[in-house]
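Source file: coords-v1.cif; contents: mmCIF, C-alpha atoms.
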```
data_coords
#
loop_
_atom_site.label_atom_id
_atom_site.label_comp_id
_atom_site.auth_asym_id
_atom_site.auth_seq_id
_atom_site.Cartn_x
_atom_site.Cartn_y
_atom_site.Cartn_z
CA MET A 7 47.56 -56.78 -9.53
CA ILE A 8 45.65 -55.77 -6.36
CA LYS A 9 48.77 -56.08 -4.23
CA LYS A 10 50.78 -54.13 -6.77
CA TYR A 11 48.39 -51.15 -7.14
CA GLY A 12 45.91 -51.45 -4.28
CA ARG A 13 48.27 -50.79 -1.40
CA PRO A 14 49.91 -47.68 -2.95
CA ALA A 15 46.43 -46.28 -3.78
CA LEU A 16 45.23 -46.90 -0.26
CA LEU A 17 48.36 -45.24 1.09
CA TRP A 18 47.78 -42.15 -1.06
CA VAL A 19 44.15 -41.90 0.11
CA MET A 20 45.30 -42.05 3.73
CA ILE A 21 47.93 -39.37 3.09
CA ILE A 22 45.33 -37.07 1.46
CA VAL A 23 42.89 -37.54 4.32
CA PHE A 24 45.63 -36.90 6.89
CA LEU A 25 46.78 -33.72 5.11
CA SER A 26 43.20 -32.48 4.79
CA MET A 27 42.56 -33.04 8.48
CA PHE A 28 45.85 -31.35 9.33
CA GLU A 29 44.90 -28.40 7.09
CA TYR A 30 41.47 -28.16 8.72
CA GLY A 31 42.90 -28.31 12.24
CA TRP A 32 45.57 -25.73 11.44
CA SER A 33 42.96 -23.38 9.87
CA GLU A 34 40.68 -23.76 12.88
CA ARG A 35 43.53 -23.00 15.32
CA SER A 36 44.58 -20.01 13.23
CA LEU A 37 41.07 -18.62 13.21
CA LYS A 38 40.74 -19.02 16.96
CA SER A 39 44.03 -17.24 17.48
CA CYS A 40 43.56 -14.38 15.04
CA LEU A 41 39.79 -14.08 14.37
CA PRO A 42 37.93 -15.64 17.29
CA ASN A 43 34.54 -14.20 16.29
CA ILE A 44 34.68 -15.78 12.86
CA ALA A 45 35.92 -19.00 14.41
CA PHE A 46 32.90 -19.07 16.69
CA ILE A 47 30.57 -18.70 13.73
CA SER A 48 32.45 -21.42 11.85
CA GLU A 49 32.25 -23.93 14.69
CA GLU A 50 28.54 -24.64 14.25
CA ASN A 51 28.25 -27.88 12.27
CA ALA A 52 31.93 -27.57 11.36
CA TRP A 53 32.56 -31.31 10.91
CA SER A 54 29.41 -31.89 8.83
CA SER A 55 30.20 -28.85 6.69
CA TRP A 56 33.75 -30.14 6.11
CA VAL A 57 32.49 -33.58 5.04
CA LYS A 58 29.82 -32.02 2.78
CA GLU A 59 32.42 -29.81 1.12
CA ARG A 60 34.75 -32.76 0.45
CA VAL A 61 31.89 -34.84 -0.98
CA GLN A 62 30.83 -31.98 -3.27
CA ASN A 63 34.42 -31.61 -4.50
CA MET A 64 34.67 -35.34 -5.27
CA LEU A 65 31.09 -35.61 -6.66
CA PRO A 66 30.31 -32.54 -8.79
CA VAL A 67 26.95 -34.04 -9.81
CA TYR A 68 25.81 -33.83 -6.18
CA SER A 69 26.98 -30.22 -6.02
CA PHE A 70 24.96 -29.39 -9.16
CA MET A 71 21.83 -30.98 -7.66
CA VAL A 72 22.17 -28.94 -4.45
CA THR A 73 22.58 -25.70 -6.41
CA GLN A 74 19.54 -26.45 -8.56
CA ARG A 75 17.42 -27.20 -5.50
CA ILE A 76 18.32 -23.80 -4.03
CA VAL A 77 17.52 -21.98 -7.27
CA ILE A 78 14.17 -23.72 -7.59
CA HIS A 79 13.35 -22.92 -3.97
CA ARG A 80 13.99 -19.21 -4.60
CA GLN A 81 11.62 -19.00 -7.54
CA ASP A 82 8.17 -17.49 -7.10
CA SER A 83 5.30 -19.62 -5.89
CA PHE A 84 3.57 -19.10 -9.23
CA LEU A 85 4.91 -18.94 -12.79
CA LEU A 86 3.64 -15.82 -14.50
CA LYS A 87 4.08 -17.14 -18.00
CA ASN A 88 1.72 -20.08 -17.42
CA ILE A 89 -1.16 -18.25 -15.71
CA LYS A 90 -3.89 -16.20 -17.33
CA PRO A 91 -4.33 -12.61 -16.12
CA VAL A 92 -7.66 -13.16 -14.30
CA GLU A 93 -6.35 -16.34 -12.67
CA LEU A 94 -3.24 -14.52 -11.52
CA LEU A 95 -5.27 -11.66 -10.08
CA THR A 96 -7.42 -14.15 -8.16
CA MET A 97 -4.33 -15.89 -6.77
CA MET A 98 -2.91 -12.58 -5.66
CA GLU A 99 -6.12 -11.70 -3.87
CA VAL A 100 -5.84 -14.88 -1.84
CA GLU A 101 -2.12 -14.42 -1.28
CA ASN A 102 -2.46 -10.78 -0.27
CA ARG A 103 -5.75 -9.96 1.43
CA GLU A 104 -6.25 -6.36 2.41
CA GLU A 105 -6.88 -7.20 6.06
CA ARG A 106 -3.19 -7.07 6.87
CA TYR A 107 -3.68 -6.50 10.60
CA ILE A 108 -0.78 -4.08 10.68
CA VAL A 109 -0.27 -1.93 13.75
CA PRO A 110 -1.62 1.53 12.84
CA GLU A 111 0.71 4.43 13.31
CA LYS A 112 -0.41 6.99 15.84
CA PRO A 113 -1.48 10.42 14.55
CA GLN A 114 1.32 12.94 14.71
CA PRO A 115 0.76 16.40 16.21
CA PRO A 116 0.52 19.22 13.67
CA ILE A 117 3.88 20.52 12.49
CA GLN A 118 3.96 24.25 12.01
CA ALA A 119 6.01 25.16 8.99
CA GLU A 120 7.28 28.59 8.13
CA VAL A 121 4.68 30.51 6.15
CA SER A 122 5.35 33.59 4.09
CA VAL A 123 3.68 36.95 4.85
CA GLU A 124 1.56 36.61 1.71
CA GLU A 125 0.45 33.14 2.80
CA ASN A 126 -0.42 34.41 6.28
CA ASN A 127 -2.59 37.10 4.72
CA ARG A 128 -4.31 34.54 2.51
CA VAL A 129 -5.00 32.26 5.47
CA ALA A 130 -6.33 35.20 7.50
CA GLN A 131 -8.70 36.05 4.65
CA GLN A 132 -9.87 32.43 4.53
CA ASP A 133 -10.65 32.61 8.25
CA THR A 134 -12.79 35.73 7.93
CA LEU A 135 -14.31 35.65 4.43
CA PRO A 136 -16.94 33.27 3.03
CA MET A 137 -15.38 30.10 1.56
CA GLY A 138 -17.73 29.63 -1.39
CA ASP A 139 -18.16 25.88 -1.91
CA THR A 140 -16.72 25.10 1.51
CA GLN A 141 -19.33 26.67 3.81
CA PRO A 142 -19.96 24.98 7.17
CA ILE A 143 -22.16 21.92 6.85
CA THR A 144 -24.96 21.36 9.37
CA GLU A 145 -25.69 17.70 10.03
CA ALA A 146 -29.01 16.24 11.12
CA ALA A 147 -27.68 15.68 14.63
CA GLY A 148 -26.96 19.40 14.95
CA THR A 149 -23.16 19.26 14.86
CA VAL A 150 -21.28 21.40 12.39
CA PHE A 151 -18.29 20.59 10.19
CA VAL A 152 -16.16 23.57 9.20
CA PRO A 153 -13.61 22.91 6.45
CA HIS A 154 -10.13 23.75 7.65
CA SER A 155 -7.99 26.51 6.27
CA LEU A 156 -4.29 25.92 5.67
CA GLN A 157 -2.57 24.57 8.80
CA ARG A 158 0.94 23.94 7.50
CA ILE A 159 2.90 23.75 4.25
CA VAL A 160 4.42 20.51 3.00
CA ASN A 161 7.81 21.27 1.45
CA VAL A 162 7.93 19.18 -1.72
CA GLN A 163 11.61 20.02 -2.22
CA GLU A 164 12.43 18.18 1.00
CA LEU A 165 10.51 15.19 -0.29
CA ALA A 166 12.89 15.00 -3.25
CA ASP A 167 15.02 12.89 -0.94
CA PHE A 168 13.62 9.37 -1.39
CA ASP A 169 14.18 8.29 2.22
CA THR A 170 12.45 11.43 3.51
CA LEU A 171 9.51 10.86 1.17
CA MET A 172 9.15 7.24 2.24
CA GLY A 173 9.44 8.11 5.91
CA GLN A 174 6.74 10.79 5.81
CA PHE A 175 4.31 9.64 3.11
CA TYR A 176 4.45 5.89 2.49
CA THR A 177 4.23 2.42 3.98
CA VAL A 178 5.40 -0.28 1.56
CA ASP A 179 4.20 -3.85 1.88
CA SER A 180 6.93 -6.47 2.27
CA VAL A 181 6.11 -8.02 -1.12
CA ALA A 182 6.10 -4.75 -3.08
CA GLN A 183 8.98 -2.96 -4.81
CA VAL A 184 9.22 0.79 -5.39
CA SER A 185 11.95 3.19 -6.44
CA GLY A 186 12.80 6.87 -6.51
CA GLU A 187 12.01 6.93 -10.20
CA LEU A 188 8.50 5.64 -9.57
CA LEU A 189 7.83 7.83 -6.53
CA ASN A 190 9.21 11.19 -7.60
CA ALA A 191 7.54 13.78 -5.35
CA GLN A 192 8.16 16.74 -7.66
CA ARG A 193 6.71 15.00 -10.70
CA LEU A 194 3.73 13.59 -8.80
CA ASN A 195 2.99 16.99 -7.31
CA GLU A 196 3.06 18.76 -10.68
CA LYS A 197 0.51 16.45 -12.32
CA ASP A 198 -2.59 18.43 -13.30
CA LEU A 199 -5.57 16.55 -11.88
CA ARG A 200 -8.22 19.26 -12.16
CA ILE A 201 -11.66 18.44 -13.58
CA GLN A 202 -14.71 20.52 -14.48
CA LYS A 203 -17.74 20.54 -12.19
CA ASN A 204 -21.46 20.51 -13.01
CA THR A 205 -21.22 18.43 -16.18
CA GLU A 206 -24.22 16.55 -17.56
CA GLY A 207 -22.78 13.08 -16.99
CA PRO A 208 -21.20 11.75 -13.79
CA GLN A 209 -17.62 12.81 -13.11
CA ILE A 210 -16.91 10.69 -10.03
CA LEU A 211 -17.60 6.98 -9.54
CA ILE A 212 -17.68 5.53 -6.02
CA TYR A 213 -17.92 1.75 -5.64
CA HIS A 214 -16.98 -1.01 -3.19
CA THR A 215 -15.05 -4.14 -4.12
CA HIS A 216 -15.79 -5.32 -0.57
CA SER A 217 -19.34 -4.16 0.08
CA GLN A 218 -19.85 -6.35 3.16
CA GLU A 219 -17.37 -4.47 5.34
CA ALA A 220 -19.06 -3.13 8.46
CA PHE A 221 -18.22 -1.39 11.73
CA THR A 222 -18.45 -2.09 15.42
CA ASP A 223 -22.02 -0.80 15.78
CA SER A 224 -23.32 -1.53 12.28
CA ILE A 225 -26.87 -2.89 12.25
CA PRO A 226 -27.17 -6.30 10.56
CA GLY A 227 -29.21 -5.97 7.39
CA ASP A 228 -28.95 -2.16 7.36
CA GLU A 229 -26.71 -1.27 4.43
CA SER A 230 -26.66 2.39 5.45
CA THR A 231 -24.49 1.47 8.46
CA THR A 232 -21.82 -0.31 6.39
CA ILE A 233 -19.09 0.90 4.04
CA VAL A 234 -21.80 1.21 1.36
CA GLY A 235 -23.64 3.69 3.57
CA ALA A 236 -20.42 5.64 3.98
CA GLY A 237 -20.08 5.69 0.19
CA GLU A 238 -23.55 7.15 -0.20
CA HIS A 239 -22.84 9.75 2.48
CA LEU A 240 -19.62 10.79 0.73
CA ALA A 241 -21.44 10.96 -2.61
CA GLU A 242 -24.13 13.23 -1.14
CA ILE A 243 -21.54 15.63 0.30
CA LEU A 244 -19.68 15.81 -3.01
CA ARG A 245 -22.95 16.47 -4.85
CA ASN A 246 -24.61 18.92 -2.50
CA GLN A 247 -21.65 20.78 -1.04
CA TYR A 248 -19.09 20.79 -3.84
CA GLY A 249 -21.15 20.52 -7.03
CA TYR A 250 -19.87 17.23 -8.47
CA ASN A 251 -21.99 14.76 -10.38
CA VAL A 252 -21.38 11.46 -8.56
CA LEU A 253 -22.40 7.93 -9.50
CA HIS A 254 -22.48 5.59 -6.49
CA HIS A 255 -22.39 1.96 -7.61
CA LYS A 256 -23.65 -0.47 -4.95
CA GLY A 257 -22.76 -3.74 -6.66
CA LYS A 258 -21.83 -6.63 -4.34
CA TYR A 259 -18.83 -8.78 -5.21
CA ASP A 260 -17.91 -10.37 -1.86
CA VAL A 261 -21.14 -11.82 -0.49
CA LYS A 262 -20.15 -15.50 -0.59
CA THR A 263 -16.38 -15.02 -0.56
CA ARG A 264 -13.88 -12.18 -0.74
CA ASP A 265 -11.34 -14.21 -2.70
CA ASN A 266 -12.64 -13.37 -6.18
CA ALA A 267 -14.02 -9.91 -5.46
CA TYR A 268 -11.60 -7.95 -7.67
CA SER A 269 -12.02 -10.39 -10.57
CA SER A 270 -15.81 -10.22 -10.20
CA ALA A 271 -15.87 -6.42 -10.01
CA LEU A 272 -13.57 -5.84 -12.99
CA PRO A 273 -16.05 -6.39 -15.89
CA GLU A 274 -18.80 -4.45 -14.08
CA ILE A 275 -16.60 -1.41 -13.45
CA GLN A 276 -15.32 -1.54 -17.04
CA LYS A 277 -18.92 -1.53 -18.27
CA LEU A 278 -19.83 1.44 -16.06
CA LEU A 279 -16.89 3.45 -17.40
CA GLU A 280 -17.77 2.59 -21.00
CA GLU A 281 -21.39 3.61 -20.45
CA ASN A 282 -20.35 6.83 -18.68
CA PRO A 283 -17.32 8.24 -20.52
CA SER A 284 -17.66 11.48 -18.55
CA ILE A 285 -16.31 9.74 -15.41
CA GLN A 286 -12.81 11.01 -14.63
CA VAL A 287 -12.42 9.96 -10.98
CA VAL A 288 -12.84 6.49 -9.46
CA ILE A 289 -12.89 5.77 -5.70
CA ASP A 290 -12.93 2.18 -4.45
CA LEU A 291 -14.07 2.76 -0.87
CA HIS A 292 -13.07 0.15 1.73
CA ARG A 293 -12.83 -0.37 5.46
CA ASP A 294 -9.47 -1.62 6.74
CA GLY A 295 -8.81 -4.47 9.15
CA ILE A 296 -6.28 -3.89 11.95
CA ASP A 297 -4.98 -5.46 15.13
CA GLU A 298 -7.49 -4.26 17.71
CA SER A 299 -4.93 -4.47 20.52
CA ALA A 300 -3.30 -1.36 19.01
CA GLY A 301 -6.42 0.74 19.60
CA LYS A 302 -8.48 2.21 16.81
CA LEU A 303 -8.12 4.67 13.96
CA VAL A 304 -9.80 7.76 15.37
CA MET A 305 -8.95 11.32 16.34
CA ASP A 306 -10.77 14.34 17.72
CA LEU A 307 -11.30 16.73 14.83
CA ASP A 308 -12.73 19.99 16.16
CA GLY A 309 -14.69 18.12 18.82
CA ARG A 310 -15.96 15.47 16.42
CA PRO A 311 -14.74 11.84 16.74
CA THR A 312 -13.42 11.19 13.25
CA ALA A 313 -12.07 7.98 11.74
CA ARG A 314 -8.59 8.14 10.28
CA PHE A 315 -8.06 6.85 6.75
CA MET A 316 -5.40 6.15 4.16
CA PHE A 317 -4.95 6.07 0.40
CA PHE A 318 -3.82 2.79 -1.15
CA ASN A 319 -1.93 2.06 -4.38
CA GLY A 320 -1.01 -1.08 -6.27
CA VAL A 321 2.17 -0.74 -8.34
CA SER A 322 2.15 -4.05 -10.30
CA CYS A 323 5.67 -4.76 -9.14
CA GLY A 324 6.92 -7.27 -6.58
CA LYS A 325 10.27 -7.86 -4.94
CA ARG A 326 10.38 -11.44 -6.19
CA THR A 327 8.73 -10.92 -9.57
CA GLY A 328 9.81 -7.44 -10.63
CA ASN A 329 7.29 -5.81 -12.96
CA ILE A 330 4.16 -7.98 -13.23
CA ASP A 331 3.41 -7.78 -16.95
CA TYR A 332 0.03 -9.46 -16.66
CA LEU A 333 -1.07 -6.67 -14.33
CA TYR A 334 0.23 -3.80 -16.46
CA ASN A 335 -1.26 -0.45 -15.47
CA PRO A 336 -1.03 2.32 -18.08
CA ASN A 337 -2.42 4.80 -15.52
CA LEU A 338 0.01 3.98 -12.72
CA GLU A 339 1.74 7.36 -12.58
CA GLU A 340 -1.54 9.25 -12.51
CA ASN A 341 -2.85 6.88 -9.80
CA LEU A 342 0.24 7.63 -7.72
CA ALA A 343 -0.01 11.37 -8.38
CA PHE A 344 -3.65 11.36 -7.29
CA SER A 345 -2.97 9.64 -3.95
CA PHE A 346 0.16 11.77 -3.38
CA GLN A 347 -1.71 15.04 -3.89
CA LEU A 348 -4.60 13.84 -1.71
CA LYS A 349 -2.15 12.94 1.06
CA LYS A 350 -0.35 16.26 0.70
CA ALA A 351 -3.61 18.23 0.92
CA ALA A 352 -4.64 16.21 3.97
CA GLU A 353 -1.32 16.92 5.70
CA GLU A 354 -1.63 20.63 4.98
CA TYR A 355 -5.25 21.06 6.06
CA TYR A 356 -5.90 18.13 8.45
CA PRO A 357 -2.54 17.08 9.93
CA GLY A 358 -2.66 13.65 11.55
CA LEU A 359 -6.00 12.64 10.04
CA THR A 360 -4.53 10.42 7.32
CA ARG A 361 -2.26 7.44 7.72
CA LYS A 362 0.69 6.97 5.37
CA ASN A 363 -0.22 5.98 1.82
CA TYR A 364 0.01 2.19 1.52
CA ILE A 365 1.83 0.58 -1.42
CA ASN A 366 1.26 -3.02 -2.43
CA ALA A 367 2.55 -5.14 -5.29
CA TYR A 368 -0.57 -5.80 -7.32
CA ARG A 369 -3.10 -3.76 -9.31
CA TYR A 370 -6.53 -3.81 -7.61
CA ASN A 371 -8.36 -2.72 -10.81
CA MET A 372 -6.74 0.72 -10.59
CA HIS A 373 -5.71 0.57 -14.25
CA LEU A 374 -9.19 1.49 -15.49
CA CYS A 375 -8.91 5.25 -14.86
CA GLY A 376 -6.10 7.69 -14.13
CA ARG A 377 -7.59 9.52 -11.15
CA THR A 378 -8.25 6.34 -9.19
CA THR A 379 -7.66 5.73 -5.51
CA LEU A 380 -8.46 2.87 -3.18
CA LEU A 381 -9.45 4.50 0.09
CA GLU A 382 -9.29 2.58 3.40
CA LEU A 383 -11.73 4.40 5.71
CA GLY A 384 -11.32 3.46 9.37
CA ALA A 385 -11.34 -0.18 10.48
CA GLN A 386 -13.59 -2.84 11.93
CA ASN A 387 -13.56 -1.31 15.43
CA ASN A 388 -14.62 2.21 14.40
CA THR A 389 -18.17 3.39 15.00
CA VAL A 390 -20.55 4.44 12.25
CA GLU A 391 -20.50 7.99 13.61
CA GLU A 392 -16.69 8.18 13.33
CA ILE A 393 -16.87 6.89 9.75
CA MET A 394 -19.59 9.31 8.67
CA ASN A 395 -17.76 12.24 10.27
CA ALA A 396 -14.66 11.40 8.21
CA CYS A 397 -16.58 11.75 4.95
CA TYR A 398 -16.61 15.55 5.33
CA PRO A 399 -12.83 16.16 5.36
CA ILE A 400 -12.44 13.46 2.68
CA ALA A 401 -14.81 15.39 0.40
CA HIS A 402 -12.97 18.64 1.14
CA ILE A 403 -9.59 17.04 0.35
CA LEU A 404 -10.93 15.57 -2.90
CA ASP A 405 -12.33 18.95 -3.95
CA MET A 406 -9.06 20.76 -3.26
CA VAL A 407 -7.14 18.37 -5.54
CA LEU A 408 -9.80 18.14 -8.27
CA SER A 409 -10.44 21.90 -8.36
CA GLY A 410 -6.75 22.81 -8.10
CA VAL A 411 -7.12 24.97 -4.98
#
```
Please express the file's structure as structure tokens.
Amino acid sequence: MIKKYGRPALLWVMIIVFLSMFEYGWSERSLKSCLPNIAFISEENAWSSWVKERVQNMLPVYSFMVTQRIVIHRQDSFLLKNIKPVELLTMMEVENREERYIVPEKPQPPIQAEVSVEENNRVAQQDTLPMGDTQPITEAAGTVFVPHSLQRIVNVQELADFDTLMGQFYTVDSVAQVSGELLNAQRLNEKDLRIQKNTEGPQILIYHTHSQEAFTDSIPGDESTTIVGAGEHLAEILRNQYGYNVLHHKGKYDVKTRDNAYSSALPEIQKLLEENPSIQVVIDLHRDGIDESAGKLVMDLDGRPTARFMFFNGVSCGKRTGNIDYLYNPNLEENLAFSFQLKKAAEEYYPGLTRKNYINAYRYNMHLCGRTTLLELGAQNNTVEEIMNACYPIAHILDMVLSGV
């Protein structure tokens, strides 16, 4: 039986192997003759690839196992459906700390746009007439901050092009996903964000998810020289100069560890908003962390060393996950409109002072209120003076958006 069927079977196997090798050799020679570049790419591990392909053809079960391994490898590191919302938020904090150590972009020189005759007249009047709520502010050290008049006009129609908008206004983290539908400059610009001043209850809440962030010359144990001190300084300017009722919350959520800060802050901020329904604006004030070899975030603003800053948004959408349902944000569009209008006002009145708005994939407790922004003020290598100086243009920019100027 073996002699009758074994030899012919062995002969057929040898013929198949010979023809396959002949086909492979002919294909390789053809590639080298006609498409040498492709042939060069194909040469790496050519023999092992050929053997693997033949084995997969003869053993489909092996091929299925390889495919499944690749699919599993491409899945996210966490399964959304099996994780509770607070647990997921905590994991994302660890996976995506704010201290990204990105190289800061350098401030761009002011761009002079074409201004109409009527606009020139309005600007001239602003330069010569009293500015009402934006009178010069005299600091204790004797220096004076004078709110800027219009320096340039940002053309929102040009920003209708998504690539132009992204190039001028945004930096998107590698894990985040955005689209032209989400970041529509015209729609974001038209959002009415005005609020009334001088109400009985607080209108603006300032707090710090990371209260322990300090600066290069901060004094250990002196809270007034940390990001909390900057928050109090900003609150005082908004109260005294612009007439807002501001609640500055000094709760500490990152003393032992930063990993659970957002989860720890969430119930406290919710409680504050429930107890103060008059609050319409929320500012989570932070200090960024950057690569110090790139310099520091500072510019000369009218002779005053002033820290540069940026507005930060979480969009609850990742490249690998798509929309993150557990981190749903009903106020996302208003959050984005708020940071867009703040950035636009900054570019028009203080060109080069702000960095591009930063977009990340998660939520950062920004779902609690529509007019919410996470503000990254300077970095670890800025001085306290530079930080405090920046609070004045920040307050002016906030007032322009919230008063509809």
Exercise for the section: Have a look at A:Glu219, A:Asp297, A:Glu206, A:Asp265 and name the one nearest to Thr231 (chain A); count only C-alpha atoms. Expected result: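 Under the stated criterion, the closest residue is A:Glu219.
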Exercise for the section: Using only C-alpha atoms, find the one residue out of A:Gln347, A:Asn266, A:Gln276, A:Asn319 that sits nearest to Glu382 (chain A). Expected result: A:Asn319
Handout entry: Selected residue of minimal separation from Glu274 (chain A) among A:Ser185, A:Asn329, A:Thr215, A:Thr312, counting all atoms listed in the file
Key = A:Thr215
Completion exercise
Closest of A:Leu303, A:Pro311, A:Val178, A:Phe151 to Arg361 (chain A), counting only C-alpha atoms, is A:Leu303
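The space between CA of Gln218 (chain A) and CA of Val252 (chain A) spans 21.4 Å.
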Handout entry: A:Met372, A:Val181, A:Ile330, A:Val411 ranked by distance to Val287 (chain A), top pick (using all atoms listed in the file)
Key =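 For Val287 (chain A), the nearest of the given residues is A:Met372.
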Problem - A:Thr360, A:Asn366, A:Thr378, A:Asn204 ranked by distance to Cys323 (chain A), top pick (using only C-alpha atoms) - result: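 Checking each candidate against Cys323 (chain A), we get A:Asn366 as the closest.
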Taking the block above, write region 306-370 of chain A with C-alpha atoms as a compact mmCIF listing (two decimals), in the first residue's frame.
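In the end it all went to part_23.txt:
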```txt
# COMPACT_ATOMS: atom_id res chain seq x y z
CA ASP A 306 8.06 91.60 27.31
CA LEU A 307 4.62 93.19 27.48
CA ASP A 308 5.00 96.97 27.56
CA GLY A 309 8.20 96.68 29.59
CA ARG A 310 6.76 94.12 32.00
CA PRO A 311 8.08 90.51 31.98
CA THR A 312 4.87 88.56 31.49
CA ALA A 313 4.31 84.80 31.50
CA ARG A 314 2.68 83.34 28.42
CA PHE A 315 -0.33 81.07 28.89
CA MET A 316 -2.74 78.83 27.02
CA PHE A 317 -6.32 77.62 27.21
CA PHE A 318 -6.89 73.88 27.44
CA ASN A 319 -9.86 71.71 26.42
CA GLY A 320 -10.78 68.08 26.86
CA VAL A 321 -13.02 66.73 24.10
CA SER A 322 -13.91 63.25 25.49
CA CYS A 323 -12.78 61.66 22.25
CA GLY A 324 -9.66 59.63 21.50
CA LYS A 325 -8.11 58.34 18.31
CA ARG A 326 -8.25 54.76 19.56
CA THR A 327 -11.53 54.93 21.45
CA GLY A 328 -13.63 57.40 19.47
CA ASN A 329 -16.21 59.16 21.66
CA ILE A 330 -15.65 58.24 25.32
CA ASP A 331 -19.21 57.72 26.53
CA TYR A 332 -18.26 57.48 30.19
CA LEU A 333 -16.81 60.98 29.95
CA TYR A 334 -19.76 62.55 28.14
CA ASN A 335 -19.72 66.34 28.30
CA PRO A 336 -23.05 68.08 27.59
CA ASN A 337 -21.27 71.46 27.69
CA LEU A 338 -18.48 70.59 25.27
CA GLU A 339 -19.45 73.05 22.53
CA GLU A 340 -19.76 75.93 24.98
CA ASN A 341 -16.41 74.97 26.55
CA LEU A 342 -14.80 75.09 23.10
CA ALA A 343 -16.53 78.37 22.23
CA PHE A 344 -15.30 79.93 25.46
CA SER A 345 -11.64 79.00 24.87
CA PHE A 346 -11.89 79.96 21.17
CA GLN A 347 -13.25 83.43 21.94
CA LEU A 348 -10.65 83.94 24.69
CA LYS A 349 -7.88 82.98 22.28
CA LYS A 350 -9.31 85.24 19.57
CA ALA A 351 -9.50 88.22 21.95
CA ALA A 352 -5.94 87.56 23.09
CA GLU A 353 -4.68 87.47 19.50
CA GLU A 354 -6.45 90.72 18.70
CA TYR A 355 -5.35 92.68 21.77
CA TYR A 356 -2.17 90.89 22.96
CA PRO A 357 -0.62 89.14 19.93
CA GLY A 358 1.94 86.52 20.91
CA LEU A 359 0.98 86.40 24.59
CA THR A 360 -1.03 83.18 24.35
CA ARG A 361 0.10 79.81 23.13
CA LYS A 362 -2.16 77.73 20.89
CA ASN A 363 -5.19 76.24 22.60
CA TYR A 364 -4.37 72.68 23.65
CA ILE A 365 -6.80 69.83 22.92
CA ASN A 366 -6.67 66.53 24.78
CA ALA A 367 -8.83 63.42 24.70
CA TYR A 368 -10.41 63.40 28.14
CA ARG A 369 -12.77 65.62 30.15
CA TYR A 370 -10.95 67.22 33.10
```
